[in-house]
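Peer 1: First the structure, which I've put down as structure tokens, then a few questions once you've had a look.
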Amino acid sequence: MTTFPDKLLNQNHKNIIAAVIVYLFSAAVSAQTQNTNWNGKKCAVVLTYDDALNIHLDKVIPMLNSYQFKGTFYLIGSSPVVSQRIEAWRTAAKQGHELGNHTLNHPCDGNLPGREFVTAEADLSKYTVARAVNETRITNTLLKAIDGKNERTFAYPCGDLTIKDTLYYNFLKNDFVAARGVAAGYLNKKEVDLSNVNSFVQNGSTAEQMIVQVEEAEKRGSFIVFLFHGVGGEHSLNIDLEEHRKLLEYLKKRKKDIWIATMVDVAKYIRGN
């Protein structure tokens, strides 16, 4: 015969087991949510390419298309590779690639060390804020004429944020979803500064080195923006085309866990749009 105290002990035992089960289930759900907070995946990867190079159209975009990936291409409005190949860029946009704004003339601050390449006409230190804003908006008009889109992102030429002491992008925030900078860093969604999104500049990188960076982003539950210039040549900042292909091959194998998307789509996701 079971006594009242025995019944009470049994009930308490059941309550404890039930509480443990609920706790473990909640912890598992929480961990799963934390580990899949990038559009349902563990991390996000954004592939960006600067300066509107022929090799982007001739080699990179066909390679991305073969893996069914979309990239973000930051175009310089005055570049002859833009004016002479508008239809090719229009086709790229129709295929889902983002045409981002890299300004009209790619102005960089010529007063900084190592900036001997900066011409007087494209010296950001000699710009007014109004000129920088107007030229950037002109480039947006050009890009819309190519792709018909209203939403896009911006990339700071040379990663330069200011004209003297003024953050000129502050006057452009309503024109873009986000702006990509050049400072590396692994951040969670709540920490991201959409006016200066972190990125990892690649120069001479191997696929192995880039994959390590992706794995670190995944480990931290973060995202990574790759910043490429030359891919197989055409720029002093360059990686080998085959190393680029190996990176894409790795990303293809990891598509279950990694979200590969354009800068504008990831920025909109971070904003909650």
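If you're wondering about the labels, chains in the structure tokens are A, B, ... by order shown, residues count from 1 in each chain, ligands from 1 in order shown.
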What are the nearest atom pairs, with distances in Å to one decimal, for all residues of region 158-261 of chain A that come at most 8 Å from region 41-53 of chain A, using only C-alpha atoms, set out by chain and rising residue number as CSV?
Peer 2:
residue,atom,partner,partner_atom,distance
A:Val214,CA,A:Val45,CA,7.5
A:Ala217,CA,A:Cys43,CA,6.6
A:Glu218,CA,A:Cys43,CA,5.1
A:Gly221,CA,A:Cys43,CA,5.7
A:Ser222,CA,A:Cys43,CA,5.5
A:Phe223,CA,A:Ala44,CA,4.5
A:Ile224,CA,A:Val45,CA,5.1
A:Val225,CA,A:Val46,CA,4.6
A:Phe226,CA,A:Leu47,CA,5.1
A:Leu227,CA,A:Thr48,CA,5.1
A:Phe228,CA,A:Tyr49,CA,4.7
A:His229,CA,A:Asp50,CA,5.1
A:Gly230,CA,A:Leu53,CA,7.6
A:Glu234,CA,A:Leu53,CA,7.1
A:Lys256,CA,A:Lys41,CA,7.2
A:Asp257,CA,A:Lys41,CA,4.9
A:Ile258,CA,A:Cys43,CA,5.3
A:Trp259,CA,A:Ala44,CA,4.5
A:Ile260,CA,A:Val45,CA,4.8
A:Ala261,CA,A:Val46,CA,5.5
Peer 1: Which neighbours of region 119-127 of chain A fall inside 6 Å, counting only C-alpha atoms, when residues of the same chain fewer than 6 positions from it are skipped, and could you give them as number ranges by chain?
Peer 2: A: 107-110, 163
Peer 1: List every residue of region 11-186 of chain A that DSSP, applied to the backbone of this structure, places in helix (DSSP H, G or I), and write the result as a PyMOL selection string.
Peer 2: chain A and resi 11-35+54-67+80-83+86-94+120-122+124-126+129-147+157-159+168-171+173-175
Peer 1: Could you please take those selected residues and save C-alpha atoms as a CSV table (one decimal), in the first residue's frame?
Peer 2:
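Below you can see result_19.csv, which holds the result:
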chain,number,residue,atom,x,y,z
A,11,GLN,CA,4.9,13.4,-7.4
A,12,ASN,CA,7.8,15.6,-6.5
A,13,HIS,CA,10.1,13.2,-8.3
A,14,LYS,CA,7.9,13.5,-11.4
A,15,ASN,CA,7.8,17.3,-11.1
A,16,ILE,CA,11.6,17.4,-11.0
A,17,ILE,CA,11.9,15.2,-14.0
A,18,ALA,CA,9.4,17.3,-15.9
A,19,ALA,CA,11.2,20.5,-14.9
A,20,VAL,CA,14.5,19.1,-16.1
A,21,ILE,CA,13.0,18.0,-19.4
A,22,VAL,CA,11.5,21.5,-20.0
A,23,TYR,CA,14.8,23.1,-19.1
A,24,LEU,CA,16.8,20.9,-21.5
A,25,PHE,CA,14.3,21.5,-24.3
A,26,SER,CA,14.4,25.2,-23.8
A,27,ALA,CA,18.2,25.2,-23.7
A,28,ALA,CA,18.3,23.2,-26.9
A,29,VAL,CA,15.8,25.5,-28.7
A,30,SER,CA,17.8,28.6,-27.5
A,31,ALA,CA,21.1,27.1,-28.7
A,32,GLN,CA,19.5,26.3,-32.0
A,33,THR,CA,18.1,29.8,-32.4
A,34,GLN,CA,21.5,31.3,-31.4
A,35,ASN,CA,23.3,29.1,-33.9
A,54,ASN,CA,36.8,43.6,-66.7
A,55,ILE,CA,37.8,40.4,-65.0
A,56,HIS,CA,34.7,40.7,-62.7
A,57,LEU,CA,32.5,40.5,-65.8
A,58,ASP,CA,34.7,38.0,-67.7
A,59,LYS,CA,35.7,35.6,-65.0
A,60,VAL,CA,34.1,36.2,-61.6
A,61,ILE,CA,30.5,36.6,-62.5
A,62,PRO,CA,30.5,33.4,-64.7
A,63,MET,CA,32.2,31.5,-61.9
A,64,LEU,CA,29.6,32.8,-59.3
A,65,ASN,CA,26.8,31.9,-61.6
A,66,SER,CA,28.1,28.3,-62.0
A,67,TYR,CA,27.8,27.9,-58.2
A,80,PRO,CA,35.3,53.0,-68.7
A,81,VAL,CA,34.6,49.4,-67.7
A,82,VAL,CA,31.2,50.8,-66.7
A,83,SER,CA,30.4,53.1,-69.7
A,86,ILE,CA,26.7,48.7,-69.5
A,87,GLU,CA,24.8,45.8,-71.1
A,88,ALA,CA,27.1,43.3,-69.4
A,89,TRP,CA,26.5,44.9,-66.0
A,90,ARG,CA,22.7,45.1,-66.7
A,91,THR,CA,22.8,41.3,-67.4
A,92,ALA,CA,24.7,40.7,-64.1
A,93,ALA,CA,22.0,42.7,-62.2
A,94,LYS,CA,19.3,40.6,-63.9
A,120,ALA,CA,44.7,65.9,-57.5
A,121,GLU,CA,41.3,65.4,-59.1
A,122,ALA,CA,40.5,62.5,-56.9
A,124,LEU,CA,39.2,63.4,-51.0
A,125,SER,CA,41.0,65.9,-48.7
A,126,LYS,CA,40.3,68.6,-51.3
A,129,VAL,CA,31.2,67.5,-48.4
A,130,ALA,CA,28.6,68.7,-50.9
A,131,ARG,CA,30.8,67.5,-53.8
A,132,ALA,CA,31.2,64.1,-52.3
A,133,VAL,CA,27.5,63.8,-51.7
A,134,ASN,CA,26.5,65.0,-55.1
A,135,GLU,CA,28.9,62.7,-57.0
A,136,THR,CA,27.7,59.7,-55.0
A,137,ARG,CA,24.1,60.6,-55.8
A,138,ILE,CA,25.0,61.0,-59.5
A,139,THR,CA,26.4,57.5,-59.4
A,140,ASN,CA,23.2,56.2,-57.8
A,141,THR,CA,21.3,57.7,-60.7
A,142,LEU,CA,23.7,55.9,-63.2
A,143,LEU,CA,23.3,52.6,-61.4
A,144,LYS,CA,19.5,52.9,-61.4
A,145,ALA,CA,19.6,53.5,-65.1
A,146,ILE,CA,21.5,50.2,-65.4
A,147,ASP,CA,19.6,48.0,-63.0
A,157,PRO,CA,36.9,54.3,-51.6
A,158,CYS,CA,40.1,53.3,-49.8
A,159,GLY,CA,38.0,53.0,-46.6
A,168,TYR,CA,30.3,62.5,-45.2
A,169,TYR,CA,28.2,59.4,-45.3
A,170,ASN,CA,26.0,61.0,-42.6
A,171,PHE,CA,24.5,63.0,-45.4
A,173,LYS,CA,22.3,57.5,-45.0
A,174,ASN,CA,18.8,57.8,-46.5
A,175,ASP,CA,20.2,57.0,-49.9
Peer 1: Just list as a list in words whatever in region 61-124 of chain A DSSP marks as strand (DSSP E or B).
Peer 2: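 Listing strand (DSSP E or B) positions across region 61-124 of chain A yields Thr72, Phe73, Tyr74, Leu75, Glu98, Leu99, Gly100, Asn101, Cys108 and Asp123 of chain A.
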Peer 1: Write out as a PyMOL selection string the residues lying within 7 Å of Asn238 (chain A), counting only C-alpha atoms and excluding same-chain residues fewer than 4 positions away.
Peer 2: chain A and resi 203-204+229-233
Peer 1: Mind giving me the straight-line distance from CA of His244 (chain A) to CA of Val197 (chain A) in Å, one decimal?
Peer 2: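 We find that CA of His244 (chain A) and CA of Val197 (chain A) lie 22.1 Å from each other.
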Peer 1: Quick one: pull the distance between CA of Asn188 (chain A) and CA of Ile270 (chain A), Å, one decimal.
Peer 2: 9.4 Å
